[in-house]
file protein06.pdb (PDB, C-alpha atoms)
ATOM      1  CA  MET A   1     -17.406 -40.139 -33.475
ATOM      2  CA  PRO A   2     -16.093 -43.537 -34.549
ATOM      3  CA  ILE A   3     -18.202 -45.923 -36.606
ATOM      4  CA  VAL A   4     -18.241 -49.495 -35.266
ATOM      5  CA  THR A   5     -19.565 -52.450 -37.234
ATOM      6  CA  LEU A   6     -21.373 -55.252 -35.423
ATOM      7  CA  ILE A   7     -19.844 -58.735 -35.608
ATOM      8  CA  LYS A   8     -22.216 -61.645 -36.248
ATOM      9  CA  ASP A   9     -21.681 -64.661 -34.000
ATOM     10  CA  GLY A  10     -24.341 -67.233 -34.847
ATOM     11  CA  ASP A  11     -27.658 -65.596 -33.959
ATOM     12  CA  ASP A  12     -25.942 -62.966 -31.799
ATOM     13  CA  LEU A  13     -24.578 -59.591 -32.774
ATOM     14  CA  ILE A  14     -21.544 -58.301 -30.878
ATOM     15  CA  LEU A  15     -20.646 -54.638 -30.543
ATOM     16  CA  PRO A  16     -16.836 -54.529 -30.384
ATOM     17  CA  LEU A  17     -16.051 -51.623 -28.063
ATOM     18  CA  THR A  18     -12.281 -51.583 -27.844
ATOM     19  CA  ASP A  19     -10.103 -49.277 -25.767
ATOM     20  CA  PRO A  20      -9.419 -47.005 -28.776
ATOM     21  CA  VAL A  21     -13.180 -46.700 -29.414
ATOM     22  CA  PHE A  22     -13.751 -45.815 -25.740
ATOM     23  CA  ALA A  23     -10.949 -43.252 -25.898
ATOM     24  CA  ASP A  24     -12.337 -41.709 -29.117
ATOM     25  CA  MET A  25     -15.747 -41.353 -27.427
ATOM     26  CA  GLY A  26     -14.241 -39.872 -24.251
ATOM     27  CA  LEU A  27     -15.657 -42.737 -22.170
ATOM     28  CA  GLU A  28     -14.604 -43.832 -18.711
ATOM     29  CA  ILE A  29     -15.617 -46.741 -16.501
ATOM     30  CA  GLY A  30     -18.915 -45.847 -14.779
ATOM     31  CA  ASP A  31     -20.225 -43.612 -17.577
ATOM     32  CA  THR A  32     -23.873 -44.041 -18.545
ATOM     33  CA  MET A  33     -24.499 -44.738 -22.212
ATOM     34  CA  VAL A  34     -27.560 -43.826 -24.269
ATOM     35  CA  TRP A  35     -28.665 -45.797 -27.341
ATOM     36  CA  LYS A  36     -30.513 -43.797 -29.988
ATOM     37  CA  ASP A  37     -32.334 -45.420 -32.903
ATOM     38  CA  ASN A  38     -31.571 -43.336 -36.005
ATOM     39  CA  ASN A  39     -34.592 -44.927 -37.742
ATOM     40  CA  ASP A  40     -32.455 -45.869 -40.729
ATOM     41  CA  GLY A  41     -31.114 -49.230 -39.529
ATOM     42  CA  SER A  42     -28.313 -47.602 -37.569
ATOM     43  CA  TRP A  43     -27.959 -46.646 -33.926
ATOM     44  CA  THR A  44     -25.975 -43.966 -32.149
ATOM     45  CA  LEU A  45     -24.302 -44.702 -28.838
ATOM     46  CA  SER A  46     -23.430 -41.607 -26.836
ATOM     47  CA  LYS A  47     -22.228 -40.734 -23.375
ATOM     48  CA  LYS A  48     -24.876 -39.280 -21.110
ATOM     49  CA  PRO A  49     -23.442 -36.106 -19.550
ATOM     50  CA  LYS A  50     -22.917 -36.120 -15.800
ATOM     51  CA  THR A  51     -25.269 -33.896 -13.828
ATOM     52  CA  LYS A  52     -25.324 -31.888 -10.618
ATOM     53  CA  ILE A  53     -28.140 -30.730  -8.356
ATOM     54  CA  VAL A  54     -28.896 -27.039  -7.886
ATOM     55  CA  MET A  55     -31.129 -25.979  -4.965
ATOM     56  CA  VAL A  56     -33.137 -22.896  -5.982
ATOM     57  CA  ASP A  57     -34.973 -20.847  -3.333
ATOM     58  CA  ALA A  58     -37.828 -18.730  -4.680
ATOM     59  CA  ILE A  59     -40.473 -16.494  -3.174
ATOM     60  CA  SER A  60     -43.969 -16.785  -4.595
ATOM     61  CA  THR A  61     -45.895 -13.497  -4.661
ATOM     62  CA  PHE A  62     -49.666 -13.080  -4.619
ATOM     63  CA  ARG A  63     -51.827  -9.965  -4.756
ATOM     64  CA  ILE A  64     -54.671 -10.696  -2.348
ATOM     65  CA  ARG A  65     -57.647  -8.345  -2.221
ATOM     66  CA  TYR A  66     -60.118  -7.917   0.653
ATOM     67  CA  ALA A  67     -63.287  -5.852   1.016
ATOM     68  CA  VAL A  68     -63.848  -4.878   4.641
ATOM     69  CA  GLU A  69     -66.933  -3.080   5.875
ATOM     70  CA  ILE A  70     -66.298  -0.637   8.728
ATOM     71  CA  PRO A  71     -68.358   2.075  10.488
ATOM     72  CA  VAL A  72     -68.628   5.354   8.575
ATOM     73  CA  ASP A  73     -66.933   7.323  11.346
ATOM     74  CA  ALA A  74     -64.057   4.803  11.739
ATOM     75  CA  ASP A  75     -60.589   5.383  10.371
ATOM     76  CA  ALA A  76     -59.884   3.358   7.212
ATOM     77  CA  GLU A  77     -56.921   1.766   9.032
ATOM     78  CA  TRP A  78     -59.475  -0.302  10.938
ATOM     79  CA  ALA A  79     -59.838  -2.348   7.720
ATOM     80  CA  LEU A  80     -56.057  -2.831   7.605
ATOM     81  CA  ASP A  81     -56.094  -4.159  11.170
ATOM     82  CA  THR A  82     -58.912  -6.550  10.257
ATOM     83  CA  VAL A  83     -56.779  -7.966   7.416
ATOM     84  CA  THR A  84     -53.616  -8.128   9.529
ATOM     85  CA  MET A  85     -55.452  -9.988  12.294
ATOM     86  CA  GLY A  86     -56.595 -12.604   9.742
ATOM     87  CA  GLU A  87     -60.269 -11.728  10.284
ATOM     88  CA  ALA A  88     -61.077 -10.584   6.737
ATOM     89  CA  LYS A  89     -62.576 -12.724   3.987
ATOM     90  CA  GLU A  90     -60.510 -12.945   0.836
ATOM     91  CA  LEU A  91     -62.205 -11.272  -2.133
ATOM     92  CA  SER A  92     -59.742 -12.431  -4.789
ATOM     93  CA  GLN A  93     -56.132 -13.246  -5.451
ATOM     94  CA  GLN A  94     -53.735 -13.195  -8.359
ATOM     95  CA  HIS A  95     -50.403 -14.980  -8.528
ATOM     96  CA  LEU A  96     -47.768 -12.464  -9.587
ATOM     97  CA  GLY A  97     -44.966 -14.966 -10.096
ATOM     98  CA  GLU A  98     -41.865 -16.189  -8.375
ATOM     99  CA  GLN A  99     -38.671 -14.340  -7.630
ATOM    100  CA  ILE A 100     -35.478 -16.340  -7.130
ATOM    101  CA  SER A 101     -33.826 -15.377  -3.866
ATOM    102  CA  SER A 102     -30.827 -17.747  -3.923
ATOM    103  CA  TYR A 103     -29.355 -20.874  -5.461
ATOM    104  CA  ARG A 104     -26.502 -23.247  -4.716
ATOM    105  CA  VAL A 105     -25.067 -26.555  -5.912
ATOM    106  CA  ILE A 106     -25.802 -29.352  -3.430
ATOM    107  CA  THR A 107     -25.091 -33.046  -3.021
ATOM    108  CA  GLU A 108     -27.728 -35.768  -3.119
ATOM    109  CA  SER A 109     -27.268 -36.162   0.644
ATOM    110  CA  GLU A 110     -27.978 -32.445   1.172
ATOM    111  CA  LEU A 111     -31.066 -32.758  -1.050
ATOM    112  CA  LEU A 112     -32.410 -35.618   1.070
ATOM    113  CA  THR A 113     -31.679 -33.794   4.336
ATOM    114  CA  GLN A 114     -33.440 -30.630   3.141
ATOM    115  CA  TYR A 115     -36.379 -32.552   1.655
ATOM    116  CA  ARG A 116     -37.013 -34.378   4.912
ATOM    117  CA  ALA A 117     -36.560 -31.210   6.996
ATOM    118  CA  ASP A 118     -39.047 -29.300   4.822
ATOM    119  CA  ASN A 119     -41.539 -32.193   4.629
ATOM    120  CA  ASP A 120     -41.550 -33.878   8.042
ATOM    121  CA  TYR A 121     -44.103 -36.475   6.925
ATOM    122  CA  THR A 122     -41.422 -37.998   4.638
ATOM    123  CA  THR A 123     -39.000 -39.088   7.372
ATOM    124  CA  SER A 124     -39.879 -42.766   6.880
ATOM    125  CA  TRP A 125     -39.731 -42.602   3.072
ATOM    126  CA  SER A 126     -36.852 -44.283   1.239
ATOM    127  CA  ASP A 127     -34.190 -42.142  -0.412
ATOM    128  CA  GLU A 128     -35.453 -43.269  -3.829
ATOM    129  CA  VAL A 129     -39.026 -42.111  -3.100
ATOM    130  CA  CYS A 130     -37.801 -38.757  -1.760
ATOM    131  CA  ILE A 131     -35.666 -38.192  -4.857
ATOM    132  CA  LYS A 132     -38.503 -39.237  -7.181
ATOM    133  CA  ASN A 133     -40.881 -36.780  -5.503
ATOM    134  CA  GLY A 134     -38.484 -33.928  -4.744
ATOM    135  CA  LEU A 135     -36.008 -33.682  -7.613
ATOM    136  CA  THR A 136     -36.756 -32.347 -11.081
ATOM    137  CA  LYS A 137     -34.696 -34.731 -13.195
ATOM    138  CA  TRP A 138     -32.866 -33.491 -16.268
ATOM    139  CA  VAL A 139     -33.704 -35.541 -19.351
ATOM    140  CA  PHE A 140     -30.873 -36.013 -21.828
ATOM    141  CA  LYS A 141     -32.202 -35.023 -25.261
ATOM    142  CA  ASP A 142     -31.394 -38.444 -26.754
ATOM    143  CA  GLU A 143     -33.426 -40.199 -24.033
ATOM    144  CA  ILE A 144     -36.694 -38.636 -25.182
TER
END
call {"tool": "encode", "arguments": {"input": "protein06.pdb", "output": "structure tokens"}}
result
Amino acid sequence: MPIVTLIKDGDDLILPLTDPVFADMGLEIGDTMVWKDNNDGSWTLSKKPKTKIVMVDAISTFRIRYAVEIPVDADAEWALDTVTMGEAKELSQQHLGEQISSYRVITESELLTQYRADNDYTTSWSDEVCIKNGLTKWVFKDEI
């Protein structure tokens, strides 16, 4: 990593970033830069890595328990039918975790299409609001 000294111009300080400095840092036009205060009077300028979006599909599993009262002479399967028909009160539940079923790299456009398809109330939302609410952003360690 090259060391660059600031140039004083009156009250202003200029950071001379020349083509060789850019080349040494592996920078290209359009790269995002991150300034980090080293807390010793110096700063580090680094290139923020480019990112991609991965869509992860997961299945959330719960153990749900019911207690169903049935006639003494009835088959116990009557209780199963009561649960299946949605007529039983829930006694308790425990979340057992999530299992990943698939994943794939997607574009921002695909993210927005899927977000709006899965959440129909968001069709009038701006792209920025959908991304803010639907994407878990990666935070570059030097941004923290």
call {"tool": "resolve_selection", "arguments": {"input": "protein06.pdb", "expression": "the PyMOL selection byres ((chain A and resi 68-78) around 10)", "output": "list of chain:residue names"}}
result
A:Arg65, A:Tyr66, A:Ala67, A:Ala79, A:Leu80, A:Asp81, A:Thr82, A:Val83, A:Thr84, A:Glu87, A:Ala88, A:Lys89, A:Glu90, A:Leu91
call {"tool": "write_last_selection", "arguments": {"input": "protein06.pdb", "atoms": "C-alpha atoms", "output": "PDB file, in the coordinates of the input"}}
result
ATOM      1  CA  ARG A  65     -57.647  -8.345  -2.221  1.00  0.00           C
ATOM      2  CA  TYR A  66     -60.118  -7.917   0.653  1.00  0.00           C
ATOM      3  CA  ALA A  67     -63.287  -5.852   1.016  1.00  0.00           C
ATOM      4  CA  ALA A  79     -59.838  -2.348   7.720  1.00  0.00           C
ATOM      5  CA  LEU A  80     -56.057  -2.831   7.605  1.00  0.00           C
ATOM      6  CA  ASP A  81     -56.094  -4.159  11.170  1.00  0.00           C
ATOM      7  CA  THR A  82     -58.912  -6.550  10.257  1.00  0.00           C
ATOM      8  CA  VAL A  83     -56.779  -7.966   7.416  1.00  0.00           C
ATOM      9  CA  THR A  84     -53.616  -8.128   9.529  1.00  0.00           C
ATOM     10  CA  GLU A  87     -60.269 -11.728  10.284  1.00  0.00           C
ATOM     11  CA  ALA A  88     -61.077 -10.584   6.737  1.00  0.00           C
ATOM     12  CA  LYS A  89     -62.576 -12.724   3.987  1.00  0.00           C
ATOM     13  CA  GLU A  90     -60.510 -12.945   0.836  1.00  0.00           C
ATOM     14  CA  LEU A  91     -62.205 -11.272  -2.133  1.00  0.00           C
TER      15      LEU A  91
END
call {"tool": "resolve_selection", "arguments": {"input": "protein06.pdb", "expression": "the PyMOL selection byres ((chain A and resi 53-61) around 12)", "output": "ChimeraX atom specification"}}
result
/A:50-52,62-64,93-112,114-115,131,134-138
call {"tool": "resolve_selection", "arguments": {"input": "protein06.pdb", "expression": "the PyMOL selection byres ((chain A and resi 10-25) around 12)", "output": "list in words"}}
result
Met1, Pro2, Ile3, Val4, Thr5, Leu6, Ile7, Lys8, Asp9, Gly26, Leu27, Glu28, Ile29, Asp31, Met33, Trp43, Thr44, Leu45, Ser46, Lys47 and Lys48 of chain A
call {"tool": "atom_distance", "arguments": {"input": "protein06.pdb", "atom1": "CA of Asn133 in chain A", "atom2": "CA of Gly30 in chain A"}}
result
25.5 Å
call {"tool": "atom_distance", "arguments": {"input": "protein06.pdb", "atom1": "CA of Glu128 in chain A", "atom2": "CA of Val34 in chain A"}}
result
21.9 Å
call {"tool": "atom_distance", "arguments": {"input": "protein06.pdb", "atom1": "CA of Arg116 in chain A", "atom2": "CA of Cys130 in chain A"}}
result
8.0 Å
call {"tool": "axis_aligned_box", "arguments": {"input": "protein06.pdb", "around": "range 95-98 of chain A", "padding_each_side": "3 Å", "output": "lines of an AutoDock Vina configuration file"}}
result
center_x = -46.1
center_y = -14.3
center_z = -9.2
size_x = 14.5
size_y = 9.7
size_z = 7.7
call {"tool": "build_atoms", "arguments": {"input": "protein06.pdb", "residues": "range 84-113 of chain A", "atoms": "N, CA and C atoms", "output": "PDB file, in the frame of the given file"}}
result
ATOM      1  N   THR A  84     -54.814  -7.692   8.818  1.00  0.00           N
ATOM      2  CA  THR A  84     -53.616  -8.128   9.529  1.00  0.00           C
ATOM      3  C   THR A  84     -53.930  -9.179  10.592  1.00  0.00           C
ATOM      4  N   MET A  85     -55.061  -9.047  11.243  1.00  0.00           N
ATOM      5  CA  MET A  85     -55.452  -9.988  12.294  1.00  0.00           C
ATOM      6  C   MET A  85     -56.014 -11.300  11.713  1.00  0.00           C
ATOM      7  N   GLY A  86     -56.097 -11.385  10.378  1.00  0.00           N
ATOM      8  CA  GLY A  86     -56.595 -12.604   9.742  1.00  0.00           C
ATOM      9  C   GLY A  86     -58.099 -12.772   9.879  1.00  0.00           C
ATOM     10  N   GLU A  87     -58.822 -11.666  10.073  1.00  0.00           N
ATOM     11  CA  GLU A  87     -60.269 -11.728  10.284  1.00  0.00           C
ATOM     12  C   GLU A  87     -61.083 -11.340   9.052  1.00  0.00           C
ATOM     13  N   ALA A  88     -60.378 -11.020   7.944  1.00  0.00           N
ATOM     14  CA  ALA A  88     -61.077 -10.584   6.737  1.00  0.00           C
ATOM     15  C   ALA A  88     -61.234 -11.738   5.758  1.00  0.00           C
ATOM     16  N   LYS A  89     -62.364 -11.741   5.046  1.00  0.00           N
ATOM     17  CA  LYS A  89     -62.576 -12.724   3.987  1.00  0.00           C
ATOM     18  C   LYS A  89     -61.816 -12.280   2.747  1.00  0.00           C
ATOM     19  N   GLU A  90     -61.230 -13.246   2.070  1.00  0.00           N
ATOM     20  CA  GLU A  90     -60.510 -12.945   0.836  1.00  0.00           C
ATOM     21  C   GLU A  90     -61.511 -12.710  -0.284  1.00  0.00           C
ATOM     22  N   LEU A  91     -61.349 -11.589  -0.990  1.00  0.00           N
ATOM     23  CA  LEU A  91     -62.205 -11.272  -2.133  1.00  0.00           C
ATOM     24  C   LEU A  91     -61.675 -11.949  -3.397  1.00  0.00           C
ATOM     25  N   SER A  92     -60.363 -11.827  -3.602  1.00  0.00           N
ATOM     26  CA  SER A  92     -59.742 -12.431  -4.789  1.00  0.00           C
ATOM     27  C   SER A  92     -58.235 -12.477  -4.585  1.00  0.00           C
ATOM     28  N   GLN A  93     -57.590 -13.234  -5.469  1.00  0.00           N
ATOM     29  CA  GLN A  93     -56.132 -13.246  -5.451  1.00  0.00           C
ATOM     30  C   GLN A  93     -55.614 -13.488  -6.857  1.00  0.00           C
ATOM     31  N   GLN A  94     -54.396 -13.011  -7.073  1.00  0.00           N
ATOM     32  CA  GLN A  94     -53.735 -13.195  -8.359  1.00  0.00           C
ATOM     33  C   GLN A  94     -52.278 -13.526  -8.083  1.00  0.00           C
ATOM     34  N   HIS A  95     -51.808 -14.616  -8.685  1.00  0.00           N
ATOM     35  CA  HIS A  95     -50.403 -14.980  -8.528  1.00  0.00           C
ATOM     36  C   HIS A  95     -49.570 -14.076  -9.423  1.00  0.00           C
ATOM     37  N   LEU A  96     -48.589 -13.411  -8.844  1.00  0.00           N
ATOM     38  CA  LEU A  96     -47.768 -12.464  -9.587  1.00  0.00           C
ATOM     39  C   LEU A  96     -46.441 -13.065 -10.047  1.00  0.00           C
ATOM     40  N   GLY A  97     -46.190 -14.302  -9.649  1.00  0.00           N
ATOM     41  CA  GLY A  97     -44.966 -14.966 -10.096  1.00  0.00           C
ATOM     42  C   GLY A  97     -44.032 -15.301  -8.952  1.00  0.00           C
ATOM     43  N   GLU A  98     -42.880 -15.818  -9.345  1.00  0.00           N
ATOM     44  CA  GLU A  98     -41.865 -16.189  -8.375  1.00  0.00           C
ATOM     45  C   GLU A  98     -40.601 -15.381  -8.625  1.00  0.00           C
ATOM     46  N   GLN A  99     -39.949 -15.028  -7.558  1.00  0.00           N
ATOM     47  CA  GLN A  99     -38.671 -14.340  -7.630  1.00  0.00           C
ATOM     48  C   GLN A  99     -37.639 -15.243  -6.982  1.00  0.00           C
ATOM     49  N   ILE A 100     -36.537 -15.490  -7.676  1.00  0.00           N
ATOM     50  CA  ILE A 100     -35.478 -16.340  -7.130  1.00  0.00           C
ATOM     51  C   ILE A 100     -34.682 -15.520  -6.123  1.00  0.00           C
ATOM     52  N   SER A 101     -34.554 -16.081  -4.921  1.00  0.00           N
ATOM     53  CA  SER A 101     -33.826 -15.377  -3.866  1.00  0.00           C
ATOM     54  C   SER A 101     -32.407 -15.912  -3.689  1.00  0.00           C
ATOM     55  N   SER A 102     -32.178 -17.191  -4.015  1.00  0.00           N
ATOM     56  CA  SER A 102     -30.827 -17.747  -3.923  1.00  0.00           C
ATOM     57  C   SER A 102     -30.778 -19.083  -4.647  1.00  0.00           C
ATOM     58  N   TYR A 103     -29.553 -19.543  -4.904  1.00  0.00           N
ATOM     59  CA  TYR A 103     -29.355 -20.874  -5.461  1.00  0.00           C
ATOM     60  C   TYR A 103     -27.961 -21.347  -5.091  1.00  0.00           C
ATOM     61  N   ARG A 104     -27.793 -22.669  -5.052  1.00  0.00           N
ATOM     62  CA  ARG A 104     -26.502 -23.247  -4.716  1.00  0.00           C
ATOM     63  C   ARG A 104     -26.452 -24.688  -5.211  1.00  0.00           C
ATOM     64  N   VAL A 105     -25.263 -25.172  -5.524  1.00  0.00           N
ATOM     65  CA  VAL A 105     -25.067 -26.555  -5.912  1.00  0.00           C
ATOM     66  C   VAL A 105     -25.013 -27.384  -4.631  1.00  0.00           C
ATOM     67  N   ILE A 106     -25.756 -28.500  -4.615  1.00  0.00           N
ATOM     68  CA  ILE A 106     -25.802 -29.352  -3.430  1.00  0.00           C
ATOM     69  C   ILE A 106     -25.553 -30.810  -3.815  1.00  0.00           C
ATOM     70  N   THR A 107     -25.262 -31.614  -2.811  1.00  0.00           N
ATOM     71  CA  THR A 107     -25.091 -33.046  -3.021  1.00  0.00           C
ATOM     72  C   THR A 107     -26.443 -33.737  -2.877  1.00  0.00           C
ATOM     73  N   GLU A 108     -26.496 -34.996  -3.286  1.00  0.00           N
ATOM     74  CA  GLU A 108     -27.728 -35.768  -3.119  1.00  0.00           C
ATOM     75  C   GLU A 108     -28.069 -35.900  -1.633  1.00  0.00           C
ATOM     76  N   SER A 109     -27.051 -36.051  -0.805  1.00  0.00           N
ATOM     77  CA  SER A 109     -27.268 -36.162   0.644  1.00  0.00           C
ATOM     78  C   SER A 109     -27.892 -34.877   1.200  1.00  0.00           C
ATOM     79  N   GLU A 110     -27.408 -33.727   0.734  1.00  0.00           N
ATOM     80  CA  GLU A 110     -27.978 -32.445   1.172  1.00  0.00           C
ATOM     81  C   GLU A 110     -29.418 -32.305   0.690  1.00  0.00           C
ATOM     82  N   LEU A 111     -29.704 -32.779  -0.528  1.00  0.00           N
ATOM     83  CA  LEU A 111     -31.066 -32.758  -1.050  1.00  0.00           C
ATOM     84  C   LEU A 111     -31.988 -33.549  -0.133  1.00  0.00           C
ATOM     85  N   LEU A 112     -31.579 -34.757   0.224  1.00  0.00           N
ATOM     86  CA  LEU A 112     -32.410 -35.618   1.070  1.00  0.00           C
ATOM     87  C   LEU A 112     -32.618 -35.005   2.456  1.00  0.00           C
ATOM     88  N   THR A 113     -31.567 -34.434   3.019  1.00  0.00           N
ATOM     89  CA  THR A 113     -31.679 -33.794   4.336  1.00  0.00           C
ATOM     90  C   THR A 113     -32.659 -32.636   4.285  1.00  0.00           C
TER      91      THR A 113
END
